[in-house]
Each structure stands twice: as structure tokens, then as C-alpha cells.
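Asker: Below you will find the structure I want to go over with you.
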Amino acid sequence: GALCTTFTASQGLLLMIPNMYLVAGELLPAVFHVSARALARQSLSIFCDHSDVMAVRTTGCALLSAHNPQEVMDLGLVAHLASLKSSVPFVHFFDGTRTSGVIECVNPIPYSQMKAMVPWDAVADFRARGLNPQHPIMRGMGQDPQTYYQSAVSANRFYDAVPDIVQATMDQVGTATGRHYKLFDYYGDPEAERVIVLMGSAAKTAEETVDHLRNAGEKVGILKVRLFRPFSTRHFLAEMPESVKAIAVLDRTKEDLASSLPLHADVLTAMSEAGVYKTVVGGNYGLGSKEFAPRHVKAVFDNLSEKVPKRHFTVGIQDDVTNSSLTVGPPINCIEEGVTQALFFGLGSDGTVGANKAAAAIIGERTE
């Protein structure tokens, strides 16, 4: 009857896969907080992408994406509350290094406020299901072909309820904090003709680029994904502008043998089953924390303007082997006037890294 949570990343998450299937199969509420990082492929990388999270998307755990440190605070709470309400385990993930390693001002949620939102009846029900020697039962035994299939399908109703539970929980946390979220959040021109779908820290870069391009008269926007699994077609289409003509779906992962990358495949399925037929192309970016700047976002939008947009593209590298990369233009300055920037160098072993962290904390505490 003990409620559990854990924090992990990369190969550490992959080692949990057998138990994740078990936790999900037994409908046990739990939360895995994941600092999403690259997996060791041709070499080791400790930097950001979504390869580890995508490797567990079939375990039965819901996947909730936070895009910045404040969202990590808020959606971390949403994940715990929604898991209790739905009896479905959650993976709450955010970009490793890009989000987990930054120093940024955050408005914390007091524990007293969190406690007031906990569904204590769900906690009591969960504890009542716990193994107790005073009330012995058999659980987790083997099942033969007569019952295994039915047992697996019987869990569908729990997963069908997850999107509405998560949205209601986001609304509950939003009422308490003043920070409101949706399963999918649209940002940009309400009559956009080109839209990028993505999740993670790159969403902020894309937002700034959208503002820059809209100021130049372009009808563009982005759709930010928060609840990746279960993927709610209803909520997705409700946020997508009806005016859209072409959509690019960006995945921060690489699957060598798949016909489409995970988010791209979900978008294609959602639109096809809803009978909404638009130009939808997919590509990947930012593997191993590769730079993803405004000029790369613009390259994706420019690709959507082509008569026949490139499919299964890469952006941010020069692929001179399979020629999958998009042409990227010169750097774009999206910084507002009056913003002061500073670059601190830390060489290591001389105290400058610690000093720079302290300087960043002081700046954060004493400026707006």
C-alpha cells in the first residue's frame, strides 16, 4: 500500500521496462520523473533527446511532457494527482540538461496547497488493495489463453478515461496556481496555414520564431503536446486551426526501422481516423542536444511552403550521406529590444563554474 515515485533517465529508465509493464498491468498509481536523455548508440551521450522516453511508450504508462522548469513543478503535481485518480502509472518527462540543468526562477507550489488537492479517497482505495498478511490473497499469478486476453482488454476503460482526468487535474492545479495548461496548447496565428507539432524545451524556441515570422506577415503556429500517451485525437483536433494546410511533426528521437517516428505516427493516425486530410510530414531534430535555434524552426516552416515538402527530414545537421537535411538559412535574432544578455565562461577546476551558478542565482533573485 505504499505510494512510490522515482527519478531516472536514459539507460536507467530502460532497465525499469519489465517492472513498468507489471505496474501498468496491475493498474498501480506511480510516477516516474524522467530527465529525458539520449541512449548509447554508436557512442555514449549524456545529453538531451527523447530516445529513452520513446522506448517505454508501449509499457502502459501515460506520458506527460513538461516544457520548462515551471511546468516541471506544475505538471509533476498533475502527474501524481492524475495517477491516483486514474490508477494508471505516469512517466512525467522533461528535457535533460536543456530543462533539468538550467537555473531559472520558479513559483513553487506549497505542500499545504498540494495536500488540499490530493484525492484521499483514491489513496484509501489504493492502500486497501495492498498486500496484507491479515487478509491474504493471490495476485500476479500465471494466466492461460482462456483469460489473459480478456484481462488485458478489460483495462481499456481506465486508459480511455485518462485524457479527461488529466485535463480536469490541470484545471484544478490551474485554479490553485493561476497557471493553466491543456493537453495540447496552440500558439500562433488563429488562421495559420502552416503548423509545427512538437513537445519539450524546443517549444519555447518555436514560440519566439513564430512571433518573429508573424511580424513579417506569415501565417504560422505551433501545437505543443503535453499528454503524449494516451494520445487524445479529440483534444488534438480541437486545438488545431481549421485553416491549416500543411503540418510538420518534430520528434526528438530516431527509430531506424520505423516508417514514421512516434509523434508523427500518432498525428497521422489521429487525422486519418478523424477523416481530416492535410499535408503532414515528419522529421527529427536535436539528437544528443544538437542545437535547435530559430533558423532551424524557420527551415521547417519553409519546407512546408514547398509544393512537395521533404518527408522524414533532419534539421540542424548537414546530412551529406542520405541527403535528408533541410536547408537552413542565416541566424535569426528573436530577442526583444531592451533585453540584456551575458555569457559566463567556466573553465573548470578554478571555481568559475560554481561562481557562475551563484551569479545566475543572484541575477534570478534580484531581477524580474
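All residue names refer to the C-alpha cells as shown: chains lettered A, B, ... in order, residues numbered from 1 in each chain, ligands numbered from 1 in order.
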Give me, as a count of residues only, the residues of stretch 207-298 of chain A that a backbone DSSP run labels helix (DSSP H, G or I).

Answerer: 36

Asker: Write out as an MDAnalysis selection string which residues come within 12 Å of A:Leu343 when counting only C-alpha atoms, dropping same-chain ones fewer than 4 positions away.

Answerer: chainID A and resid 356 359:360

Asker: Can you list, as a PDB file with N, CA and C atoms, in the first residue's frame, every protein, DNA or RNA residue that comes within 6 Å of A:Ala248 when you count only C-alpha atoms, leaving out same-chain residues fewer than 3 positions away?

Answerer:
ATOM      1  N   ILE A 196       3.635  23.594 -36.818  1.00  0.00           N
ATOM      2  CA  ILE A 196       4.589  22.587 -36.346  1.00  0.00           C
ATOM      3  C   ILE A 196       4.043  21.971 -35.061  1.00  0.00           C
ATOM      4  N   VAL A 280       0.912  16.243 -44.122  1.00  0.00           N
ATOM      5  CA  VAL A 280       1.579  16.023 -42.843  1.00  0.00           C
ATOM      6  C   VAL A 280       2.928  15.366 -43.102  1.00  0.00           C
ATOM      7  N   VAL A 281       4.005  16.048 -42.743  1.00  0.00           N
ATOM      8  CA  VAL A 281       5.348  15.491 -42.897  1.00  0.00           C
ATOM      9  C   VAL A 281       6.004  15.410 -41.524  1.00  0.00           C
ATOM     10  N   GLY A 282       6.979  14.540 -41.410  1.00  0.00           N
ATOM     11  CA  GLY A 282       7.665  14.366 -40.131  1.00  0.00           C
ATOM     12  C   GLY A 282       9.165  14.436 -40.292  1.00  0.00           C
TER      13      GLY A 282
END

Asker: Hey, what's within 8 Å of A:Gly76 if we count only C-alpha atoms and toss same-chain stuff fewer than 5 positions away? As a PDB file with C-alpha atoms, in the first residue's frame, please?

Answerer:
ATOM      1  CA  HIS A  33      10.056  11.544 -13.272  1.00  0.00           C
ATOM      2  CA  GLU A  71       5.967  23.242 -15.945  1.00  0.00           C
ATOM      3  CA  HIS A  92       6.484  12.709 -16.336  1.00  0.00           C
TER       4      HIS A  92
END

Asker: When you look at A:Ile362 with a cut-off of 12 Å (counting only C-alpha atoms), what residues show up, excluding the ones that are within fewer than 5 positions of it in the same chain? I need them as number ranges by chain.

Answerer: A: 103-105, 355-357, 367-368

Asker: Any chance you could list, as JSON, numbers by chain, the residues in stretch 133-357 of chain A that come up strand (DSSP E) when DSSP is run on the backbone?

Answerer: {"A": [184, 185, 186, 187, 188, 194, 195, 196, 197, 198, 220, 221, 222, 223, 224, 225, 227, 228, 229, 246, 247, 248, 249, 250, 251, 279, 280, 281, 282, 283, 284, 285, 313, 314, 315]}

Asker: Leaving out A:Leu326 and any residue of its chain fewer than 5 positions from it, which residues lie within 9 Å of it when counting only C-alpha atoms, given as a list in words?

Answerer: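 Neighbouring residues, sequence-local ones excluded: His296, Ala299, Val300, Asn303, Lys310, Phe313, Thr314, Val315, Gly316, Ile317, Gln318 and Asp319 of chain A.
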
Asker: Any chance you could export the current selection's all heavy atoms as a CSV table (one decimal), in the first residue's frame?

Answerer:
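Heads up, here's the output in result-v6.csv:
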chain,number,residue,atom,x,y,z
A,296,HIS,N,16.4,27.1,-37.5
A,296,HIS,CA,16.0,25.7,-37.8
A,296,HIS,C,14.5,25.6,-37.8
A,296,HIS,O,14.0,24.9,-38.6
A,296,HIS,CB,16.6,24.8,-36.7
A,296,HIS,CG,18.1,24.8,-36.7
A,296,HIS,ND1,18.8,25.2,-35.5
A,296,HIS,CD2,19.1,24.6,-37.6
A,296,HIS,CE1,20.1,25.2,-35.8
A,296,HIS,NE2,20.3,24.8,-37.0
A,299,ALA,N,13.4,26.9,-41.0
A,299,ALA,CA,13.7,26.0,-42.1
A,299,ALA,C,12.5,24.9,-42.2
A,299,ALA,O,12.2,24.5,-43.3
A,299,ALA,CB,15.0,25.2,-41.9
A,300,VAL,N,12.0,24.5,-41.1
A,300,VAL,CA,10.8,23.6,-41.1
A,300,VAL,C,9.6,24.3,-41.7
A,300,VAL,O,8.9,23.7,-42.5
A,300,VAL,CB,10.6,23.1,-39.7
A,300,VAL,CG1,9.3,22.2,-39.7
A,300,VAL,CG2,11.8,22.4,-39.1
A,303,ASN,N,10.0,24.5,-45.4
A,303,ASN,CA,9.8,23.2,-46.1
A,303,ASN,C,8.3,23.0,-46.3
A,303,ASN,O,7.9,22.5,-47.4
A,303,ASN,CB,10.4,22.1,-45.2
A,303,ASN,CG,10.2,20.7,-45.8
A,303,ASN,OD1,10.6,20.5,-47.0
A,303,ASN,ND2,9.6,19.8,-45.1
A,310,LYS,N,9.7,18.1,-48.2
A,310,LYS,CA,10.6,16.9,-47.9
A,310,LYS,C,10.0,16.2,-46.7
A,310,LYS,O,9.6,16.8,-45.7
A,310,LYS,CB,12.0,17.4,-47.6
A,310,LYS,CG,12.9,16.2,-47.3
A,310,LYS,CD,14.4,16.7,-47.1
A,310,LYS,CE,15.0,16.9,-48.5
A,310,LYS,NZ,16.5,17.1,-48.4
A,313,PHE,N,12.7,14.2,-42.7
A,313,PHE,CA,13.8,15.1,-42.8
A,313,PHE,C,14.6,15.2,-41.5
A,313,PHE,O,14.1,14.8,-40.4
A,313,PHE,CB,13.4,16.5,-43.2
A,313,PHE,CG,12.4,17.1,-42.3
A,313,PHE,CD1,12.8,17.8,-41.1
A,313,PHE,CD2,11.0,17.1,-42.6
A,313,PHE,CE1,11.8,18.3,-40.3
A,313,PHE,CE2,10.1,17.7,-41.8
A,313,PHE,CZ,10.5,18.3,-40.6
A,314,THR,N,15.8,15.7,-41.6
A,314,THR,CA,16.6,16.1,-40.4
A,314,THR,C,16.8,17.6,-40.5
A,314,THR,O,16.8,18.2,-41.6
A,314,THR,CB,17.9,15.4,-40.3
A,314,THR,OG1,18.7,15.6,-41.5
A,314,THR,CG2,17.7,13.8,-40.2
A,315,VAL,N,16.9,18.2,-39.3
A,315,VAL,CA,17.2,19.6,-39.3
A,315,VAL,C,18.2,19.9,-38.2
A,315,VAL,O,18.1,19.4,-37.1
A,315,VAL,CB,15.9,20.5,-39.2
A,315,VAL,CG1,15.2,20.2,-37.8
A,315,VAL,CG2,16.2,22.0,-39.3
A,316,GLY,N,19.2,20.7,-38.5
A,316,GLY,CA,20.2,21.1,-37.6
A,316,GLY,C,21.6,20.4,-37.9
A,316,GLY,O,22.6,20.7,-37.2
A,317,ILE,N,21.6,19.5,-38.8
A,317,ILE,CA,22.9,18.9,-39.3
A,317,ILE,C,22.9,19.0,-40.8
A,317,ILE,O,21.9,19.3,-41.5
A,317,ILE,CB,23.0,17.4,-38.8
A,317,ILE,CG1,21.9,16.6,-39.5
A,317,ILE,CG2,23.0,17.3,-37.3
A,317,ILE,CD1,22.0,15.1,-39.3
A,318,GLN,N,24.1,18.7,-41.3
A,318,GLN,CA,24.3,18.6,-42.8
A,318,GLN,C,24.4,17.2,-43.1
A,318,GLN,O,25.5,16.6,-43.0
A,318,GLN,CB,25.5,19.5,-43.3
A,318,GLN,CG,25.7,19.5,-44.8
A,318,GLN,CD,24.5,20.0,-45.5
A,318,GLN,OE1,24.0,21.1,-45.1
A,318,GLN,NE2,24.0,19.4,-46.6
A,319,ASP,N,23.4,16.5,-43.6
A,319,ASP,CA,23.4,15.1,-43.9
A,319,ASP,C,23.9,15.0,-45.3
A,319,ASP,O,23.1,15.0,-46.3
A,319,ASP,CB,22.0,14.5,-43.7
A,319,ASP,CG,21.9,13.0,-44.1
A,319,ASP,OD1,23.0,12.4,-44.3
A,319,ASP,OD2,20.8,12.5,-44.3

Asker: Just give me the gap between atom CA of A:Leu22 and atom CA of A:Arg157 in Å, one decimal is fine.

Answerer: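 One can read the atom CA of A:Leu22 to atom CA of A:Arg157 distance as 17.9 Å.
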